[in-house]
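Novice: Take a look at the following structure, please.
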Amino acid sequence: MKLQEYQSKRIFARYGVPIPAGDVASTPAEAREIAERLGKRVVVKAQVLVGGRGKAGGIKLADTPAEAEAVARRILSLQIKGLPVRKVLVDEAANIRAELYLGLVIDRARQRVVMMGSSEGGVDIEEVAAARPEKIIKAAIDPFIGLRDYQTRELALGMGLERELIRPFGQIARGLYDAFIGSDASLAEINPLVITGDGNGGHGDPPLLAVDGKMVLDDNGLFRHPDLAAMRDVDEETPEEREARQYGLSYVKLDGNIGCMVNGAGLAMATMDITKLYGGAPANFLDIGGGAQADRVAAALRIILSDAHVKAVLFNIFGGITRCDEVARGILAALEQVPTAVPMVARLVGTNEEEGRAILASAQMITASTLAEAAQKAVAAARGSTVSA
């Protein structure tokens, strides 16, 4: 679950990370009121769950409340990467001397949370990693002892921070780590973390300030955090994503034209890979999970068929907990609700596979006994070739 910038920064603040004063507005008049209350130069920032806001005109400075209102009006009329802007964050503008990057991710190969710092903040960290990997300093954190002071010092020195900034940097690093662990996050980053003014906290600013923030929470941990679960911005979800979540489905839209319905994340990844191997392009990742009943299968197929780019559908079901005949009935139930001429290829293996195949054969659906065969038939069907059942 992705959080908006203002939500992420408020969580950081709970753990002692300094952030600019500010508030969220959904109308230009509210933006003006916030700017008047702050009484300083402000920055108005679109709140959408995509990157590239600045390049799209979604981040603007305003010197007066009237200008903040005008800027907010323009930003609230934007669509950024297809998402309408419904909220803006109005923050005090920081006195920026330099921009840094500080973030936390889970390194599954190391089985550790890794903290990353860079002296080159304010840009995509992926660009820095690709062009100047030596600029990224990393520290792998032992889960039993947590982030240690020597690690924050090594990060600060590796990033080239002045000695007087090492202590406040360490406090921010520990606060960010505590926020990460305390929220069951999979990503937390401050980009940029700015050095303010002369770096000594002049003009009432702390020496280091988190002017932007991003968090991604692990959905599997949300049951422990009802307050965080309530932060989900449903306006940022597509109708397909909302329906998938309602039925407990794991769904990610992709750019291809072969819809994939699979039970099991690993099997879904393998299905997508072999589809690519035979020249196809998956239109989605969709895991219906174990024990899926007919209603969930029907919902999954509705979601797949709602994508106008889908030219064929590939079902790859391993019937362990999930029964193949239940899946087959769900497919037919969905086809009654959403009639379609899109060709479909099904590979059912496991519990009640004979019954499942018989159900689909009665509906004149294309079947396959192996995944390779199913993928090849789906690719051919998406290209408009005639495929035998």
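Labels for the structure tokens follow display order: chains A, B, ..., residues from 1 in each chain, ligands from 1.
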Contacts of region 268-279 of chain A at 9 Å or less, counting only C-alpha atoms, minus same-chain residues fewer than 3 places along, as a PDB file with N, CA, C and O atoms, in the first residue's frame?
Specialist:
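Everything below was put into part-v6.pdb:
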ATOM      1  N   ILE A 258      -1.857 -10.302 -23.391  1.00  0.00           N
ATOM      2  CA  ILE A 258      -2.294 -11.643 -22.986  1.00  0.00           C
ATOM      3  C   ILE A 258      -2.627 -11.608 -21.499  1.00  0.00           C
ATOM      4  O   ILE A 258      -1.739 -11.466 -20.650  1.00  0.00           O
ATOM      5  N   CYS A 260      -3.448 -12.990 -17.934  1.00  0.00           N
ATOM      6  CA  CYS A 260      -2.994 -14.195 -17.226  1.00  0.00           C
ATOM      7  C   CYS A 260      -3.758 -14.350 -15.915  1.00  0.00           C
ATOM      8  O   CYS A 260      -3.807 -13.409 -15.120  1.00  0.00           O
ATOM      9  N   MET A 261      -4.337 -15.530 -15.709  1.00  0.00           N
ATOM     10  CA  MET A 261      -4.958 -15.853 -14.423  1.00  0.00           C
ATOM     11  C   MET A 261      -4.302 -17.113 -13.894  1.00  0.00           C
ATOM     12  O   MET A 261      -4.378 -18.164 -14.527  1.00  0.00           O
ATOM     13  N   VAL A 262      -3.659 -16.996 -12.732  1.00  0.00           N
ATOM     14  CA  VAL A 262      -2.850 -18.079 -12.191  1.00  0.00           C
ATOM     15  C   VAL A 262      -3.092 -18.158 -10.689  1.00  0.00           C
ATOM     16  O   VAL A 262      -3.467 -17.169 -10.060  1.00  0.00           O
ATOM     17  N   ASN A 263      -2.895 -19.322 -10.101  1.00  0.00           N
ATOM     18  CA  ASN A 263      -2.995 -19.428  -8.644  1.00  0.00           C
ATOM     19  C   ASN A 263      -1.621 -19.697  -8.067  1.00  0.00           C
ATOM     20  O   ASN A 263      -1.025 -20.729  -8.274  1.00  0.00           O
ATOM     21  N   GLY A 264      -1.103 -18.686  -7.390  1.00  0.00           N
ATOM     22  CA  GLY A 264       0.228 -18.769  -6.806  1.00  0.00           C
ATOM     23  C   GLY A 264       1.147 -17.752  -7.446  1.00  0.00           C
ATOM     24  O   GLY A 264       1.247 -17.686  -8.677  1.00  0.00           O
ATOM     25  N   ALA A 265       1.818 -16.950  -6.596  1.00  0.00           N
ATOM     26  CA  ALA A 265       2.650 -15.872  -7.126  1.00  0.00           C
ATOM     27  C   ALA A 265       3.827 -16.410  -7.938  1.00  0.00           C
ATOM     28  O   ALA A 265       4.156 -15.880  -9.008  1.00  0.00           O
ATOM     29  N   PRO A 282       2.585 -10.319 -21.450  1.00  0.00           N
ATOM     30  CA  PRO A 282       1.525 -10.400 -20.446  1.00  0.00           C
ATOM     31  C   PRO A 282       0.848  -9.050 -20.223  1.00  0.00           C
ATOM     32  O   PRO A 282       1.502  -8.014 -20.177  1.00  0.00           O
ATOM     33  N   ASN A 284      -1.050  -8.553 -17.524  1.00  0.00           N
ATOM     34  CA  ASN A 284      -1.241  -8.365 -16.091  1.00  0.00           C
ATOM     35  C   ASN A 284      -0.528  -9.458 -15.312  1.00  0.00           C
ATOM     36  O   ASN A 284      -0.158 -10.503 -15.866  1.00  0.00           O
ATOM     37  N   PHE A 285      -0.348  -9.179 -14.033  1.00  0.00           N
ATOM     38  CA  PHE A 285      -0.046 -10.200 -13.032  1.00  0.00           C
ATOM     39  C   PHE A 285      -1.325 -10.366 -12.241  1.00  0.00           C
ATOM     40  O   PHE A 285      -1.852  -9.391 -11.701  1.00  0.00           O
ATOM     41  N   LEU A 286      -1.848 -11.586 -12.158  1.00  0.00           N
ATOM     42  CA  LEU A 286      -3.069 -11.806 -11.381  1.00  0.00           C
ATOM     43  C   LEU A 286      -2.990 -13.176 -10.717  1.00  0.00           C
ATOM     44  O   LEU A 286      -3.009 -14.211 -11.396  1.00  0.00           O
ATOM     45  N   ASP A 287      -2.894 -13.154  -9.402  1.00  0.00           N
ATOM     46  CA  ASP A 287      -2.828 -14.367  -8.592  1.00  0.00           C
ATOM     47  C   ASP A 287      -4.143 -14.509  -7.835  1.00  0.00           C
ATOM     48  O   ASP A 287      -4.469 -13.666  -7.000  1.00  0.00           O
ATOM     49  N   LEU A 314      -4.927 -16.444 -20.792  1.00  0.00           N
ATOM     50  CA  LEU A 314      -4.269 -17.704 -20.454  1.00  0.00           C
ATOM     51  C   LEU A 314      -4.555 -18.041 -18.993  1.00  0.00           C
ATOM     52  O   LEU A 314      -4.244 -17.269 -18.092  1.00  0.00           O
ATOM     53  N   ASN A 316      -3.664 -20.676 -16.024  1.00  0.00           N
ATOM     54  CA  ASN A 316      -2.708 -21.705 -15.618  1.00  0.00           C
ATOM     55  C   ASN A 316      -2.986 -22.037 -14.162  1.00  0.00           C
ATOM     56  O   ASN A 316      -2.594 -21.291 -13.258  1.00  0.00           O
ATOM     57  N   LEU A 371       2.367 -26.183 -19.668  1.00  0.00           N
ATOM     58  CA  LEU A 371       2.436 -24.725 -19.666  1.00  0.00           C
ATOM     59  C   LEU A 371       3.035 -24.212 -20.971  1.00  0.00           C
ATOM     60  O   LEU A 371       2.587 -23.192 -21.501  1.00  0.00           O
ATOM     61  N   ALA A 372       4.051 -24.905 -21.490  1.00  0.00           N
ATOM     62  CA  ALA A 372       4.653 -24.471 -22.753  1.00  0.00           C
ATOM     63  C   ALA A 372       3.621 -24.485 -23.874  1.00  0.00           C
ATOM     64  O   ALA A 372       3.530 -23.538 -24.675  1.00  0.00           O
ATOM     65  N   ALA A 374       0.366 -24.295 -23.529  1.00  0.00           N
ATOM     66  CA  ALA A 374      -0.635 -23.260 -23.263  1.00  0.00           C
ATOM     67  C   ALA A 374      -0.118 -21.884 -23.659  1.00  0.00           C
ATOM     68  O   ALA A 374      -0.831 -21.081 -24.273  1.00  0.00           O
ATOM     69  N   ALA A 375       1.134 -21.598 -23.328  1.00  0.00           N
ATOM     70  CA  ALA A 375       1.693 -20.291 -23.668  1.00  0.00           C
ATOM     71  C   ALA A 375       1.766 -20.096 -25.173  1.00  0.00           C
ATOM     72  O   ALA A 375       1.429 -19.019 -25.696  1.00  0.00           O
ATOM     73  N   GLN A 376       2.207 -21.120 -25.894  1.00  0.00           N
ATOM     74  CA  GLN A 376       2.295 -21.014 -27.356  1.00  0.00           C
ATOM     75  C   GLN A 376       0.921 -20.801 -27.977  1.00  0.00           C
ATOM     76  O   GLN A 376       0.756 -19.990 -28.900  1.00  0.00           O
ATOM     77  N   ALA A 378      -1.684 -19.416 -26.480  1.00  0.00           N
ATOM     78  CA  ALA A 378      -2.162 -18.085 -26.112  1.00  0.00           C
ATOM     79  C   ALA A 378      -1.502 -17.014 -26.988  1.00  0.00           C
ATOM     80  O   ALA A 378      -2.161 -16.059 -27.424  1.00  0.00           O
ATOM     81  N   VAL A 379      -0.204 -17.167 -27.250  1.00  0.00           N
ATOM     82  CA  VAL A 379       0.490 -16.202 -28.099  1.00  0.00           C
ATOM     83  C   VAL A 379      -0.092 -16.230 -29.510  1.00  0.00           C
ATOM     84  O   VAL A 379      -0.337 -15.176 -30.123  1.00  0.00           O
TER      85      VAL A 379
END
Novice: I'd like to know which residues of region 122-239 of chain A are alpha helix (DSSP H) (by DSSP, run on the backbone); could you write them as a PyMOL selection string?
Specialist: chain A and resi 125-131+149-158+166-182+226-229+239
Novice: Those residues you just picked out, can you put them in a file as a short mmCIF file (atom, residue, chain, number, x, y, z; two decimals), in the first residue's frame with N, CA, C and O atoms?
Specialist:
data_model
loop_
_atom_site.label_atom_id
_atom_site.label_comp_id
_atom_site.auth_asym_id
_atom_site.auth_seq_id
_atom_site.Cartn_x
_atom_site.Cartn_y
_atom_site.Cartn_z
N ILE A 125 16.77 7.87 -7.42
CA ILE A 125 17.92 7.13 -6.92
C ILE A 125 18.34 6.05 -7.92
O ILE A 125 19.52 5.66 -7.98
N GLU A 126 17.39 5.58 -8.74
CA GLU A 126 17.73 4.59 -9.77
C GLU A 126 18.71 5.16 -10.77
O GLU A 126 19.61 4.46 -11.26
N GLU A 127 18.54 6.46 -11.12
CA GLU A 127 19.47 7.10 -12.05
C GLU A 127 20.86 7.19 -11.46
O GLU A 127 21.87 6.97 -12.13
N VAL A 128 20.93 7.53 -10.17
CA VAL A 128 22.23 7.61 -9.50
C VAL A 128 22.88 6.22 -9.46
O VAL A 128 24.08 6.08 -9.73
N ALA A 129 22.09 5.19 -9.13
CA ALA A 129 22.63 3.83 -9.04
C ALA A 129 23.18 3.36 -10.38
O ALA A 129 24.20 2.66 -10.44
N ALA A 130 22.51 3.76 -11.48
CA ALA A 130 22.95 3.32 -12.80
C ALA A 130 24.18 4.09 -13.28
O ALA A 130 25.12 3.50 -13.84
N ALA A 131 24.18 5.41 -13.06
CA ALA A 131 25.25 6.24 -13.62
C ALA A 131 26.43 6.41 -12.67
O ALA A 131 27.59 6.47 -13.12
N ASP A 149 24.84 3.11 15.90
CA ASP A 149 25.41 4.44 15.72
C ASP A 149 26.57 4.44 14.73
O ASP A 149 26.74 5.37 13.94
N TYR A 150 27.40 3.39 14.77
CA TYR A 150 28.57 3.36 13.87
C TYR A 150 28.11 3.31 12.41
O TYR A 150 28.80 3.84 11.52
N GLN A 151 26.93 2.68 12.16
CA GLN A 151 26.44 2.62 10.79
C GLN A 151 25.98 3.99 10.29
O GLN A 151 26.24 4.36 9.15
N THR A 152 25.31 4.73 11.16
CA THR A 152 24.87 6.07 10.74
C THR A 152 26.07 6.99 10.54
O THR A 152 26.07 7.83 9.64
N ARG A 153 27.12 6.82 11.36
CA ARG A 153 28.33 7.63 11.17
C ARG A 153 29.01 7.29 9.85
O ARG A 153 29.45 8.18 9.11
N GLU A 154 29.09 5.99 9.55
CA GLU A 154 29.72 5.58 8.30
C GLU A 154 28.93 6.10 7.09
O GLU A 154 29.52 6.54 6.09
N LEU A 155 27.61 6.08 7.20
CA LEU A 155 26.78 6.63 6.12
C LEU A 155 27.04 8.13 5.96
O LEU A 155 27.24 8.63 4.85
N ALA A 156 27.02 8.85 7.08
CA ALA A 156 27.20 10.30 7.03
C ALA A 156 28.56 10.67 6.44
O ALA A 156 28.67 11.55 5.58
N LEU A 157 29.60 9.99 6.90
CA LEU A 157 30.94 10.29 6.39
C LEU A 157 31.08 9.89 4.93
O LEU A 157 31.72 10.59 4.13
N GLY A 158 30.48 8.76 4.56
CA GLY A 158 30.52 8.32 3.17
C GLY A 158 29.80 9.27 2.23
O GLY A 158 30.14 9.38 1.04
N ILE A 166 26.75 15.16 11.63
CA ILE A 166 26.70 13.71 11.85
C ILE A 166 25.67 13.34 12.91
O ILE A 166 24.89 12.38 12.74
N ARG A 167 25.62 14.09 14.01
CA ARG A 167 24.65 13.76 15.06
C ARG A 167 23.21 13.95 14.59
O ARG A 167 22.40 13.03 14.75
N PRO A 168 22.81 15.11 14.02
CA PRO A 168 21.42 15.23 13.55
C PRO A 168 21.09 14.23 12.44
O PRO A 168 19.95 13.75 12.37
N PHE A 169 22.08 13.91 11.60
CA PHE A 169 21.83 12.89 10.58
C PHE A 169 21.53 11.54 11.24
O PHE A 169 20.60 10.83 10.82
N GLY A 170 22.30 11.19 12.26
CA GLY A 170 22.06 9.92 12.96
C GLY A 170 20.67 9.86 13.59
O GLY A 170 20.01 8.82 13.56
N GLN A 171 20.22 10.99 14.16
CA GLN A 171 18.88 11.03 14.75
C GLN A 171 17.81 10.80 13.69
O GLN A 171 16.82 10.10 13.91
N ILE A 172 17.98 11.42 12.52
CA ILE A 172 17.00 11.25 11.44
C ILE A 172 17.04 9.82 10.91
O ILE A 172 16.00 9.21 10.66
N ALA A 173 18.25 9.27 10.76
CA ALA A 173 18.37 7.90 10.27
C ALA A 173 17.69 6.92 11.22
O ALA A 173 16.97 6.01 10.78
N ARG A 174 17.89 7.10 12.52
CA ARG A 174 17.23 6.20 13.48
C ARG A 174 15.72 6.40 13.46
O ARG A 174 14.96 5.43 13.58
N GLY A 175 15.27 7.65 13.34
CA GLY A 175 13.83 7.89 13.26
C GLY A 175 13.22 7.25 12.04
O GLY A 175 12.13 6.65 12.11
N LEU A 176 13.91 7.35 10.90
CA LEU A 176 13.39 6.73 9.67
C LEU A 176 13.34 5.22 9.81
O LEU A 176 12.37 4.57 9.40
N TYR A 177 14.38 4.63 10.41
CA TYR A 177 14.40 3.18 10.62
C TYR A 177 13.27 2.75 11.55
O TYR A 177 12.57 1.76 11.28
N ASP A 178 13.07 3.49 12.63
CA ASP A 178 11.98 3.15 13.56
C ASP A 178 10.62 3.27 12.88
O ASP A 178 9.72 2.46 13.14
N ALA A 179 10.45 4.27 12.03
CA ALA A 179 9.20 4.42 11.29
C ALA A 179 9.00 3.24 10.34
O ALA A 179 7.89 2.72 10.19
N PHE A 180 10.06 2.82 9.70
CA PHE A 180 10.02 1.69 8.76
C PHE A 180 9.58 0.42 9.49
O PHE A 180 8.65 -0.28 9.05
N ILE A 181 10.25 0.11 10.58
CA ILE A 181 9.94 -1.11 11.32
C ILE A 181 8.57 -1.00 11.99
O ILE A 181 7.76 -1.94 11.95
N GLY A 182 8.28 0.14 12.58
CA GLY A 182 7.03 0.31 13.31
C GLY A 182 5.80 0.30 12.43
O GLY A 182 4.68 0.07 12.92
N PRO A 226 -4.53 -0.74 11.98
CA PRO A 226 -5.78 -0.22 11.41
C PRO A 226 -5.72 1.27 11.12
O PRO A 226 -6.38 1.76 10.20
N ASP A 227 -4.91 2.02 11.89
CA ASP A 227 -4.79 3.46 11.63
C ASP A 227 -4.10 3.72 10.30
O ASP A 227 -4.47 4.64 9.55
N LEU A 228 -3.11 2.89 9.97
CA LEU A 228 -2.43 3.04 8.68
C LEU A 228 -3.30 2.52 7.53
O LEU A 228 -3.31 3.11 6.44
N ALA A 229 -4.02 1.43 7.76
CA ALA A 229 -4.90 0.90 6.72
C ALA A 229 -5.94 1.92 6.33
O ALA A 229 -6.35 1.99 5.16
N PRO A 239 -10.54 1.18 -10.87
CA PRO A 239 -11.66 0.29 -10.51
C PRO A 239 -11.24 -1.17 -10.45
O PRO A 239 -11.73 -1.93 -9.60
#
Novice: Mind checking which residues fall within 12 Å of Ala363 (chain A), counting only C-alpha atoms, ignoring those fewer than 6 positions away in the same chain, and posting them as a list of chain:residue names?
Specialist: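 Neighbouring residues, sequence-local ones excluded: A:Ala328, A:Arg329, A:Ile331, A:Leu332, A:Ala333, A:Leu335, A:Glu336, A:Pro343, A:Met344, A:Val345, A:Ala346, A:Gly356, A:Arg357, A:Ala389.
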Novice: What parts of region 185-367 of chain A does DSSP call strand (DSSP E)? I'd like the answer as a PyMOL selection string.
Specialist: chain A and resi 185-196+208-210+214-217+250-253+258-262+284-287+312-319+344-350+366-367
Novice: For Ile317 (chain A), which residue out of A:Leu83, A:Ile190, A:Ala56, A:Val297 is the nearest one, using only C-alpha atoms?
Specialist: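 Nearest to Ile317 (chain A): A:Val297.
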Novice: Residues within 10 Å of Ala139 (chain A), please, as a list of chain:residue names. Count only C-alpha atoms; anything in the same chain fewer than 2 positions from it doesn't count.
Specialist: A:Leu104, A:Arg112, A:Val113, A:Val114, A:Met115, A:Met116, A:Gly117, A:Ile137, A:Ile141, A:Asp142, A:Leu147, A:Arg148, A:Gln151, A:Thr152, A:Glu154, A:Leu155
Novice: Near Lys9 (chain A), counting only C-alpha atoms, which residues have an atom at most 12 Å away, once you skip same-chain residues fewer than 2 positions from it, shown as a ChimeraX atom specification?
Specialist: /A:3-7,11-24,89,91,175-176,179-180,188-191,193,209-215
